[in-house]
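start_32.txt follows (compact mmCIF, C-alpha atoms):
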```
# COMPACT_ATOMS: atom_id res chain seq x y z
CA MET A 219 30.71 -28.73 -24.34
CA ILE A 220 27.92 -26.49 -25.54
CA GLU A 221 27.81 -22.72 -25.30
CA PHE A 222 24.68 -20.91 -24.19
CA HIS A 223 23.24 -17.72 -25.65
CA LEU A 224 20.43 -15.55 -24.41
CA ASP A 225 17.86 -13.48 -26.27
CA SER A 226 16.65 -10.74 -23.92
CA HIS A 227 13.77 -9.76 -26.18
CA SER A 228 12.29 -13.17 -26.88
CA GLY A 229 9.80 -12.97 -23.99
CA VAL A 230 10.82 -16.51 -23.02
CA ALA A 231 12.09 -16.77 -19.43
CA ALA A 232 15.88 -16.99 -19.33
CA TYR A 233 15.94 -20.37 -17.53
CA LEU A 234 13.60 -21.81 -20.16
CA GLN A 235 15.86 -20.57 -22.92
CA LEU A 236 18.70 -22.55 -21.35
CA VAL A 237 16.47 -25.63 -20.97
CA GLN A 238 15.43 -25.35 -24.61
CA GLN A 239 19.03 -24.95 -25.79
CA VAL A 240 20.11 -28.08 -23.94
CA LYS A 241 17.13 -30.01 -25.31
CA GLN A 242 17.84 -28.76 -28.81
CA ALA A 243 21.46 -29.91 -28.49
CA LEU A 244 20.20 -33.30 -27.23
CA ARG A 245 17.78 -33.62 -30.13
CA LEU A 246 20.38 -32.78 -32.71
CA GLY A 247 23.05 -34.97 -31.13
CA ARG A 248 25.39 -32.09 -30.22
CA LEU A 249 25.14 -33.34 -26.64
CA GLN A 250 25.40 -37.02 -25.84
CA VAL A 251 25.07 -39.20 -22.78
CA GLY A 252 27.98 -38.55 -20.42
CA ASP A 253 28.76 -35.07 -21.76
CA GLN A 254 29.21 -32.33 -19.19
CA LEU A 255 27.16 -29.14 -19.25
CA PRO A 256 28.93 -25.83 -18.56
CA THR A 257 29.43 -25.27 -14.83
CA VAL A 258 27.37 -22.48 -13.32
CA ARG A 259 30.38 -20.17 -13.27
CA GLU A 260 31.22 -21.01 -16.89
CA ALA A 261 27.65 -20.24 -17.94
CA VAL A 262 27.74 -16.98 -15.98
CA ALA A 263 30.98 -16.01 -17.73
CA GLN A 264 29.56 -16.96 -21.14
CA ILE A 265 26.31 -15.03 -21.03
CA THR A 266 26.39 -12.77 -17.93
CA ILE A 267 23.39 -14.30 -16.27
CA ASN A 268 22.15 -14.76 -12.73
CA PRO A 269 23.64 -18.03 -11.40
CA ASN A 270 20.28 -18.88 -9.82
CA THR A 271 18.82 -18.94 -13.33
CA VAL A 272 21.39 -21.51 -14.47
CA LEU A 273 20.73 -23.63 -11.37
CA LYS A 274 17.01 -23.43 -12.03
CA ALA A 275 17.47 -24.58 -15.63
CA TYR A 276 19.67 -27.49 -14.50
CA ARG A 277 17.16 -28.48 -11.81
CA GLU A 278 14.42 -28.52 -14.44
CA LEU A 279 16.54 -30.70 -16.75
CA GLU A 280 17.31 -32.96 -13.82
CA ARG A 281 13.63 -33.21 -12.92
CA GLU A 282 12.96 -34.38 -16.47
CA GLY A 283 15.66 -37.01 -16.09
CA LEU A 284 17.81 -35.58 -18.87
CA VAL A 285 20.83 -34.68 -16.77
CA GLU A 286 22.26 -35.62 -13.42
CA SER A 287 24.26 -33.42 -11.11
CA ARG A 288 27.26 -35.05 -9.45
CA PRO A 289 28.27 -33.10 -6.36
CA GLY A 290 31.70 -31.54 -6.72
CA GLN A 291 31.97 -32.59 -10.38
CA GLY A 292 29.26 -30.91 -12.38
CA THR A 293 26.15 -31.66 -14.39
CA PHE A 294 26.19 -34.51 -16.91
CA VAL A 295 23.86 -35.69 -19.63
CA GLN A 296 21.99 -38.82 -18.65
CA ARG A 297 19.56 -39.31 -21.49
CA THR A 298 19.39 -38.10 -25.06
CA LEU A 299 16.42 -36.81 -27.02
CA ALA A 300 17.67 -37.77 -30.48
CA GLY A 301 15.97 -40.82 -32.00
CA THR A 302 12.71 -40.73 -30.07
CA SER A 303 11.36 -37.50 -31.47
CA LEU A 304 13.02 -37.73 -34.90
CA SER A 305 10.98 -40.81 -35.74
CA SER A 306 7.72 -39.00 -35.04
CA HIS A 307 8.62 -35.99 -37.19
CA ALA A 308 7.54 -37.53 -40.48
CA PRO A 309 3.91 -38.40 -39.59
CA LEU A 310 3.51 -35.06 -37.79
CA ARG A 311 4.79 -33.26 -40.85
CA ARG A 312 2.30 -35.15 -43.05
CA SER A 313 -0.66 -34.17 -40.88
CA LEU A 314 0.58 -30.57 -40.78
CA VAL A 315 0.79 -30.53 -44.58
CA ARG A 316 -2.81 -31.82 -44.77
CA TRP A 317 -3.87 -29.06 -42.37
CA LEU A 318 -2.05 -26.42 -44.42
CA HIS A 319 -3.83 -27.60 -47.60
CA SER A 320 -7.23 -27.31 -45.93
CA ALA A 321 -6.31 -23.86 -44.60
CA SER A 322 -5.44 -22.75 -48.10
CA GLU A 323 -8.68 -24.27 -49.48
CA ALA A 324 -10.56 -22.27 -46.83
CA GLY A 325 -8.99 -19.13 -48.29
CA LEU A 326 -6.41 -18.29 -45.59
CA ASP A 327 -3.35 -16.45 -46.83
CA ASN A 328 0.14 -17.13 -45.41
CA GLU A 329 -0.04 -14.48 -42.75
CA SER A 330 -3.45 -15.67 -41.55
CA VAL A 331 -2.12 -19.22 -41.32
CA LEU A 332 0.82 -18.07 -39.21
CA ALA A 333 -1.40 -15.88 -37.01
CA LEU A 334 -3.84 -18.75 -36.44
CA PHE A 335 -1.03 -21.17 -35.68
CA MET A 336 0.74 -18.82 -33.26
CA SER A 337 -2.41 -17.84 -31.37
CA THR A 338 -3.50 -21.50 -31.07
CA PHE A 339 0.01 -22.46 -30.03
CA GLN A 340 0.06 -19.75 -27.35
CA ASP A 341 -3.41 -20.73 -26.09
CA THR A 342 -2.39 -24.34 -25.62
CA GLN A 343 0.85 -23.19 -23.97
CA ASN A 344 -1.20 -21.05 -21.56
CA GLU A 345 -3.57 -23.91 -20.80
CA HIS A 346 -0.59 -26.12 -20.21
CA GLU A 347 0.89 -23.51 -17.87
CA GLU A 348 -2.33 -23.11 -15.90
CA THR A 349 -2.86 -26.80 -15.42
CA ALA A 350 0.81 -27.34 -14.54
CA MET B 84 14.44 -18.62 3.53
CA SER B 85 16.19 -15.94 5.55
CA THR B 86 15.80 -12.24 4.91
CA ALA B 87 18.76 -10.10 3.85
CA LEU B 88 17.12 -6.69 4.04
CA GLU B 89 13.90 -5.76 5.75
CA THR B 90 12.31 -2.33 5.99
CA THR B 91 9.15 -1.57 7.93
CA LYS B 92 7.30 1.66 7.18
CA LEU B 93 10.69 3.19 6.53
CA SER B 94 10.42 6.93 5.91
CA LYS B 95 12.83 9.78 5.36
CA ARG B 96 11.91 13.45 5.19
CA TYR B 97 14.11 16.30 4.04
CA GLY B 98 12.50 19.53 5.28
CA ARG B 99 8.93 19.26 4.10
CA THR B 100 9.59 16.72 1.38
CA TRP B 101 9.27 12.98 1.88
CA ALA B 102 12.11 11.25 0.04
CA LEU B 103 10.81 7.86 1.14
CA GLN B 104 7.44 7.13 2.66
CA ASP B 105 6.20 3.99 4.42
CA CYS B 106 8.58 1.77 2.52
CA THR B 107 7.94 -1.83 3.58
CA LEU B 108 10.12 -4.36 1.86
CA SER B 109 11.55 -7.79 2.50
CA LEU B 110 14.41 -8.97 0.33
CA PRO B 111 15.14 -12.72 0.66
CA ALA B 112 18.78 -13.70 1.03
CA GLY B 113 20.53 -15.01 -2.07
CA ARG B 114 18.58 -12.85 -4.50
CA VAL B 115 19.88 -10.41 -7.06
CA ALA B 116 17.38 -7.60 -6.86
CA ALA B 117 16.84 -4.63 -9.16
CA LEU B 118 15.66 -1.44 -7.50
CA ILE B 119 14.02 0.43 -10.34
CA GLY B 120 12.63 3.94 -10.26
CA PRO B 121 12.91 7.29 -12.01
CA ASN B 122 15.44 9.85 -10.83
CA GLY B 123 14.30 11.28 -7.51
CA ALA B 124 12.12 8.31 -6.60
CA GLY B 125 14.04 7.72 -3.38
CA LYS B 126 16.38 4.91 -4.49
CA THR B 127 19.54 6.54 -3.16
CA THR B 128 17.77 7.46 0.07
CA LEU B 129 16.68 3.84 0.57
CA LEU B 130 20.21 2.53 -0.05
CA HIS B 131 21.77 5.12 2.26
CA LEU B 132 19.27 4.20 4.99
CA ALA B 133 20.09 0.52 4.50
CA VAL B 134 23.81 1.04 5.17
CA GLY B 135 23.31 3.54 7.99
CA LEU B 136 24.55 6.61 6.14
CA LEU B 137 21.19 8.22 6.91
CA GLU B 138 18.94 8.08 9.93
CA PRO B 139 15.28 7.30 9.24
CA THR B 140 12.65 9.91 10.11
CA ALA B 141 10.32 7.03 10.94
CA GLY B 142 10.21 3.28 10.56
CA GLU B 143 12.86 0.64 10.73
CA VAL B 144 15.52 -0.91 8.53
CA GLN B 145 17.41 -4.10 9.29
CA ALA B 146 20.02 -6.10 7.44
CA PHE B 147 20.10 -9.74 8.55
CA GLY B 148 18.08 -8.69 11.59
CA LEU B 149 20.62 -6.01 12.58
CA SER B 150 20.17 -2.26 12.59
CA PRO B 151 23.02 -0.63 10.63
CA LEU B 152 22.67 2.47 12.80
CA ARG B 153 22.30 0.98 16.27
CA GLN B 154 24.40 -2.17 15.77
CA PRO B 155 27.05 -0.96 13.32
CA GLY B 156 29.73 -3.22 14.77
CA GLU B 157 27.79 -6.33 13.81
CA ALA B 158 25.85 -5.07 10.80
CA LEU B 159 28.40 -3.11 8.78
CA PRO B 160 30.95 -5.92 8.22
CA ARG B 161 28.16 -7.84 6.48
CA LEU B 162 27.26 -4.95 4.17
CA GLY B 163 29.00 -3.71 1.05
CA PHE B 164 28.09 -0.45 -0.62
CA VAL B 165 29.16 1.09 -3.92
CA ALA B 166 27.95 4.68 -4.09
CA GLN B 167 26.72 6.36 -7.25
CA ASP B 168 29.38 6.95 -9.93
CA THR B 169 31.64 4.42 -8.17
CA PRO B 170 33.81 7.04 -6.41
CA LEU B 171 37.49 6.27 -5.81
CA TYR B 172 40.39 8.33 -4.49
CA LYS B 173 41.62 9.36 -7.92
CA GLY B 174 45.19 10.10 -6.81
CA PHE B 175 45.67 6.65 -5.28
CA THR B 176 47.10 3.77 -7.27
CA VAL B 177 45.06 0.57 -7.39
CA ALA B 178 47.59 -1.04 -5.01
CA GLU B 179 47.15 1.85 -2.57
CA LEU B 180 43.38 1.47 -2.73
CA LEU B 181 43.80 -2.21 -1.87
CA THR B 182 45.97 -1.26 1.11
CA LEU B 183 43.30 1.20 2.21
CA GLY B 184 40.62 -1.44 1.89
CA ARG B 185 42.71 -3.89 3.91
CA LYS B 186 43.40 -1.37 6.71
CA LEU B 187 39.78 -0.27 6.98
CA ASN B 188 38.08 -3.66 6.75
CA PRO B 189 39.09 -6.48 9.10
CA GLY B 190 37.81 -9.26 6.84
CA PHE B 191 39.27 -7.80 3.62
CA ASP B 192 40.24 -10.57 1.19
CA ASP B 193 43.37 -9.14 -0.39
CA ALA B 194 44.15 -12.26 -2.41
CA LEU B 195 40.68 -12.26 -3.94
CA ALA B 196 40.95 -8.57 -4.84
CA ARG B 197 44.35 -9.05 -6.49
CA ALA B 198 43.19 -12.11 -8.40
CA ARG B 199 40.15 -10.25 -9.73
CA MET B 200 42.22 -7.17 -10.70
CA GLN B 201 44.59 -9.42 -12.60
CA LYS B 202 41.74 -11.24 -14.34
CA LEU B 203 40.34 -7.87 -15.39
CA GLY B 204 43.75 -6.71 -16.62
CA ILE B 205 43.82 -3.71 -14.28
CA PRO B 206 47.43 -2.70 -13.48
CA LEU B 207 48.04 -2.27 -9.75
CA ASN B 208 50.49 0.61 -10.21
CA ARG B 209 48.05 2.76 -12.22
CA ARG B 210 46.42 5.75 -10.49
CA ALA B 211 42.65 5.37 -10.22
CA GLY B 212 42.09 8.67 -12.02
CA LYS B 213 44.00 7.34 -15.06
CA LEU B 214 41.78 4.28 -15.49
CA SER B 215 38.87 4.23 -17.94
CA GLY B 216 35.37 4.75 -16.54
CA GLY B 217 34.63 1.06 -16.91
CA GLN B 218 37.83 0.08 -15.10
CA GLN B 219 37.14 2.55 -12.27
CA ALA B 220 33.72 0.98 -11.81
CA GLN B 221 35.31 -2.49 -11.77
CA VAL B 222 37.88 -1.40 -9.16
CA ALA B 223 35.13 -0.01 -6.91
CA LEU B 224 33.18 -3.27 -7.32
CA VAL B 225 36.22 -5.46 -6.61
CA LEU B 226 37.03 -3.42 -3.46
CA ALA B 227 33.44 -3.88 -2.24
CA LEU B 228 33.51 -7.63 -3.05
CA ALA B 229 36.84 -8.11 -1.28
CA LYS B 230 35.12 -7.01 1.92
CA ARG B 231 33.25 -10.32 1.56
CA PRO B 232 29.84 -8.81 2.30
CA ASP B 233 26.68 -10.90 2.62
CA LEU B 234 24.63 -8.07 1.14
CA LEU B 235 26.00 -5.76 -1.53
CA LEU B 236 24.17 -2.55 -2.37
CA LEU B 237 25.02 -0.68 -5.55
CA ASP B 238 23.68 2.75 -6.43
CA GLU B 239 23.24 3.23 -10.19
CA PRO B 240 26.50 1.44 -10.98
CA LEU B 241 25.78 1.17 -14.70
CA SER B 242 24.47 4.62 -15.53
CA SER B 243 27.78 6.12 -16.67
CA LEU B 244 29.13 3.00 -18.41
CA ASP B 245 29.09 2.10 -22.09
CA PRO B 246 27.33 -1.15 -23.08
CA LEU B 247 30.49 -3.27 -23.12
CA ALA B 248 31.64 -1.96 -19.73
CA ARG B 249 28.15 -2.63 -18.35
CA ARG B 250 28.25 -6.21 -19.48
CA GLU B 251 31.74 -6.71 -18.02
CA PHE B 252 30.72 -5.09 -14.72
CA LEU B 253 27.70 -7.37 -14.45
CA ARG B 254 29.83 -10.38 -15.34
CA THR B 255 32.19 -9.67 -12.41
CA LEU B 256 29.17 -9.20 -10.15
CA MET B 257 27.46 -12.43 -11.28
CA ASP B 258 30.69 -14.38 -10.92
CA ALA B 259 30.88 -13.18 -7.31
CA VAL B 260 27.27 -14.24 -6.76
CA ALA B 261 28.01 -17.67 -8.22
CA GLU B 262 31.10 -17.98 -6.06
CA SER B 263 29.78 -16.77 -2.71
CA GLY B 264 25.98 -16.62 -2.94
CA LEU B 265 25.84 -13.02 -1.75
CA THR B 266 22.63 -11.00 -1.92
CA VAL B 267 22.64 -7.98 -4.24
CA LEU B 268 20.43 -4.90 -4.42
CA LEU B 269 21.22 -2.78 -7.42
CA SER B 270 19.48 0.47 -8.32
CA SER B 271 18.84 1.77 -11.80
CA HIS B 272 16.38 4.05 -13.55
CA ILE B 273 15.96 1.54 -16.37
CA ILE B 274 15.45 -2.22 -16.35
CA GLY B 275 17.35 -2.84 -19.62
CA ASP B 276 20.60 -4.63 -18.75
CA LEU B 277 19.31 -5.88 -15.42
CA GLU B 278 16.66 -8.19 -16.83
CA ARG B 279 19.12 -11.02 -17.43
CA VAL B 280 20.92 -10.80 -14.11
CA CYS B 281 18.16 -9.99 -11.61
CA ASP B 282 15.65 -12.44 -10.16
CA TYR B 283 13.86 -9.99 -7.90
CA LEU B 284 12.31 -6.64 -8.73
CA VAL B 285 11.44 -3.63 -6.60
CA ILE B 286 9.74 -0.70 -8.31
CA LEU B 287 10.06 2.53 -6.39
CA SER B 288 8.24 5.61 -7.54
CA ALA B 289 7.04 8.82 -5.93
CA SER B 290 8.84 7.79 -2.68
CA GLN B 291 6.82 4.57 -2.35
CA VAL B 292 7.22 0.91 -3.27
CA GLN B 293 4.85 0.18 -6.17
CA LEU B 294 5.71 -3.47 -6.66
CA ALA B 295 8.16 -5.97 -5.20
CA GLY B 296 8.58 -9.65 -5.86
CA ASP B 297 10.12 -12.54 -7.74
CA MET B 298 10.91 -11.43 -11.27
CA GLN B 299 9.57 -14.55 -12.96
CA GLU B 300 6.40 -14.48 -10.91
CA ILE B 301 5.93 -10.84 -11.90
CA GLN B 302 6.49 -11.70 -15.55
CA ARG B 303 3.98 -14.53 -15.32
CA THR B 304 1.21 -12.51 -13.65
CA HIS B 305 1.33 -9.44 -15.88
CA LYS B 306 -0.53 -9.56 -19.17
CA ARG B 307 -1.59 -7.20 -21.88
CA LEU B 308 -5.25 -7.60 -22.89
CA ILE B 309 -6.55 -6.30 -26.18
CA GLY B 310 -10.25 -6.37 -27.03
CA PRO B 311 -13.19 -4.48 -28.47
CA ARG B 312 -13.90 -1.22 -26.66
CA GLN B 313 -15.36 -2.00 -23.25
CA ASP B 314 -15.34 -0.95 -19.65
CA GLU B 315 -12.58 -2.57 -17.59
CA ALA B 316 -14.68 -2.55 -14.39
CA ALA B 317 -15.65 -6.25 -14.50
CA LEU B 318 -12.05 -7.29 -14.96
CA ALA B 319 -10.81 -4.81 -12.36
CA SER B 320 -13.02 -6.45 -9.73
CA VAL B 321 -10.80 -9.54 -9.87
CA HIS B 322 -7.50 -8.37 -11.33
CA THR B 323 -5.50 -5.18 -10.93
CA VAL B 324 -5.55 -2.87 -13.93
CA ILE B 325 -2.22 -1.06 -14.12
CA GLU B 326 -2.84 0.81 -17.34
CA ALA B 327 -5.88 1.24 -19.57
CA SER B 328 -6.17 2.99 -22.91
CA HIS B 329 -9.16 3.24 -25.20
CA THR B 330 -9.77 4.15 -28.82
CA ASP B 331 -13.31 4.32 -30.20
CA ARG B 332 -13.15 0.60 -31.06
CA GLN B 333 -10.43 -0.96 -28.99
CA THR B 334 -9.46 -1.23 -25.35
CA THR B 335 -5.92 -2.13 -24.30
CA LEU B 336 -5.16 -3.04 -20.71
CA LEU B 337 -2.09 -3.97 -18.77
CA VAL B 338 -3.18 -6.06 -15.81
CA ARG B 339 -1.69 -7.88 -12.88
CA THR B 340 -3.65 -11.11 -12.62
CA ASN B 341 -4.72 -12.15 -9.15
CA GLY B 342 -5.63 -15.70 -10.10
CA PRO B 343 -6.65 -17.56 -13.25
CA LEU B 344 -7.59 -15.25 -16.07
CA PHE B 345 -10.95 -15.99 -17.73
CA ALA B 346 -11.09 -13.40 -20.47
CA PRO B 347 -12.75 -14.86 -23.55
CA SER B 348 -13.39 -11.47 -25.15
CA TRP B 349 -9.76 -10.42 -24.82
CA GLU B 350 -6.65 -11.30 -26.72
CA VAL B 351 -4.02 -12.03 -24.07
CA GLN B 352 -0.40 -11.14 -24.72
CA GLU B 353 2.84 -11.33 -22.78
CA VAL B 354 4.28 -8.03 -21.59
CA SER B 355 7.96 -7.19 -21.77
CA MET B 356 9.58 -6.28 -18.46
CA GLU B 357 10.35 -2.83 -19.79
CA ASP B 358 6.74 -2.08 -20.77
CA MET B 359 5.53 -3.37 -17.42
CA VAL B 360 7.96 -1.22 -15.44
CA LEU B 361 7.05 1.85 -17.50
CA ALA B 362 3.35 1.22 -16.87
CA TYR B 363 3.96 1.25 -13.12
CA LEU B 364 6.07 4.36 -13.34
CA SER B 365 3.63 6.30 -15.50
CA GLN B 366 0.80 5.23 -13.20
CA GLN B 367 2.44 7.47 -10.65
CA ALA B 368 3.31 10.28 -13.04
CA GLY B 369 0.18 12.23 -12.11
CA ASP B 370 1.09 12.19 -8.44
CA ARG B 371 4.61 13.23 -9.17
CA VAL B 372 3.56 16.22 -11.19
CA GLN B 373 1.44 17.45 -8.28
CA ALA B 374 4.27 17.06 -5.79
CA PRO B 375 6.24 20.22 -5.01
CA PRO B 376 9.11 20.80 -7.45
CA SER B 377 11.62 19.97 -4.75
CA ALA B 378 10.19 16.44 -4.53
CA ARG B 379 11.95 15.50 -7.72
CA GLU B 380 15.16 17.08 -6.54
CA GLN B 381 15.01 15.75 -3.02
CA ASP B 382 18.09 13.76 -3.63
CA GLY B 383 20.76 15.95 -5.11
CA ARG B 384 22.73 12.93 -6.28
CA GLU B 385 20.07 11.88 -8.71
CA VAL B 386 19.23 15.23 -10.20
CA PHE B 387 22.02 15.80 -12.65
CA GLN B 388 21.17 12.84 -14.83
```
Could you express the structure from this file as structure tokens?
Amino acid sequence: MIEFHLDSHSGVAAYLQLVQQVKQALRLGRLQVGDQLPTVREAVAQITINPNTVLKAYRELEREGLVESRPGQGTFVQRTLAGTSLSSHAPLRRSLVRWLHSASEAGLDNESVLALFMSTFQDTQNEHEETA
Amino acid sequence: MSTALETTKLSKRYGRTWALQDCTLSLPAGRVAALIGPNGAGKTTLLHLAVGLLEPTAGEVQAFGLSPLRQPGEALPRLGFVAQDTPLYKGFTVAELLTLGRKLNPGFDDALARARMQKLGIPLNRRAGKLSGGQQAQVALVLALAKRPDLLLLDEPLSSLDPLARREFLRTLMDAVAESGLTVLLSSHIIGDLERVCDYLVILSASQVQLAGDMQEIQRTHKRLIGPRQDEAALASVHTVIEASHTDRQTTLLVRTNGPLFAPSWEVQEVSMEDMVLAYLSQQAGDRVQAPPSAREQDGREVFQ
């Protein structure tokens, strides 16, 4: 069983924080196929959150095929995220390292690199949101 | 989706002062709504109108399609109300308060009340006046929940509680929502603790509703734009500018987007709920200053804070 936490100042919607925490646990193998997620009331007791928010997070995970809700029993992991993404980390890291070298050659300091990355990241997130 | 609370041009006047003016609001059932506004905005007046403690000067208020004033027999059993500062009969023991609740409310769920008191570690033989502030608030909440209302209205329940007691109070409330799916309308002068528990927001200021809607939708449509100094007129023709400030080089806007935002010359940032609420409230500050002094004291209950 995993335990949720909530950062009120992160600017990330609460339901998305829960989705991300489940996905993170799936990626790192802390949650495996067949494991049960906290019930809505357990999650409410853990982090004092609106139950609708927990339901929304679980619906989103269900829509992505990661969990399945069994009426009267709870919500269970159906698919894991370990493996698939881990194997692609290495080549992605290599291309990121190449990019960082060219940023440094172009004269960007650390803070400029982070600012550029974050603003590009947010832009693509926004585009993704608008097309979704 | 059905509507829990609906007001149509609801207005209340005390003497020459409007405590609430043309308040039109529709709260969907199943929501946990925050009613946010500064002291004296009319929050208490709205809640009192909703449970029939006050008679409107004009307009209409209905809970589940029923008028609390004209159809009290049908409407009131479905409504729960916790008044400001969670008042209890201080000389009564918790057990006596439960008896009172049972005698006064036909559908009172005594077993539920006792189970919750036990879970909270509140001794039934203790006099209400001897409980801590946090425990008194919990007892008032449990009594209201034991009535098994479909709509629970709470007037500033958190304002006198310390942070831990606030969290525990909200936990009891959210557990009840998870268990029974009741609709909640909860007033506060700050958004702070409510952000994580509410999914609907109503901003009330200067006796009028400034904004009402789904919390996440509100979060998604409000942005802060930062750019070189410029006039906001072009942007304001499409989107709603809530707040604008200028220095000699830079313009900062807080906008509500009314569609896709094409703003290449602006840096677009997310806005925290707190900043957004404050922008709406300060938008009205000018009006409030011009109102007669009594306008801010229209509702005696909110003045002392």
Spatial neighbours of B:Leu287, max dist 8 Å, only C-alpha atoms, sep filter under 3 positions, as a PDB file with C-alpha atoms, keeping the file's coordinate frame:
```
ATOM      1  CA  LEU B 118      15.660  -1.440  -7.500  1.00  0.00           C
ATOM      2  CA  ILE B 119      14.020   0.430 -10.340  1.00  0.00           C
ATOM      3  CA  GLY B 120      12.630   3.940 -10.260  1.00  0.00           C
ATOM      4  CA  PRO B 121      12.910   7.290 -12.010  1.00  0.00           C
ATOM      5  CA  ALA B 124      12.120   8.310  -6.600  1.00  0.00           C
ATOM      6  CA  GLY B 125      14.040   7.720  -3.380  1.00  0.00           C
ATOM      7  CA  LYS B 126      16.380   4.910  -4.490  1.00  0.00           C
ATOM      8  CA  SER B 290       8.840   7.790  -2.680  1.00  0.00           C
ATOM      9  CA  GLN B 291       6.820   4.570  -2.350  1.00  0.00           C
ATOM     10  CA  VAL B 292       7.220   0.910  -3.270  1.00  0.00           C
ATOM     11  CA  GLN B 293       4.850   0.180  -6.170  1.00  0.00           C
ATOM     12  CA  LEU B 294       5.710  -3.470  -6.660  1.00  0.00           C
TER      13      LEU B 294
END
```
For atom CA of A:Asp253 and atom CA of B:Ser263, the interatomic separation in Å (one decimal):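 Atom CA of B:Ser263 lies 26.4 Å from atom CA of A:Asp253.
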6 Å contacts from chain B to chain A using only C-alpha atoms, as a PyMOL selection string: chain B and resi 254+257+261+279-280
Separation of atom CA of A:Ala275 from atom CA of B:Leu108, in Å and rounded to one decimal: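 Distance between the two atoms: 27.7 Å.
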Interatomic distance, atom CA of B:Leu180 to atom CA of B:Asp245 (Å, one decimal):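 Straight-line distance from atom CA of B:Leu180 to atom CA of B:Asp245 works out to 24.1 Å.
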Selection near B:Asp358, 12 Å with only C-alpha atoms, sequence-local residues under 4 positions removed, as a PyMOL selection string: (chain A and resi 227+229) or (chain B and resi 273-275+302+305-307+325-326+336-338+353-354+362-365)
Contacts of B:Leu237 at 10 Å (all atoms listed in the file; same-chain gap of 6+ positions) as a PyMOL selection string: chain B and resi 117-118+127+130+163-169+224+227+267-271
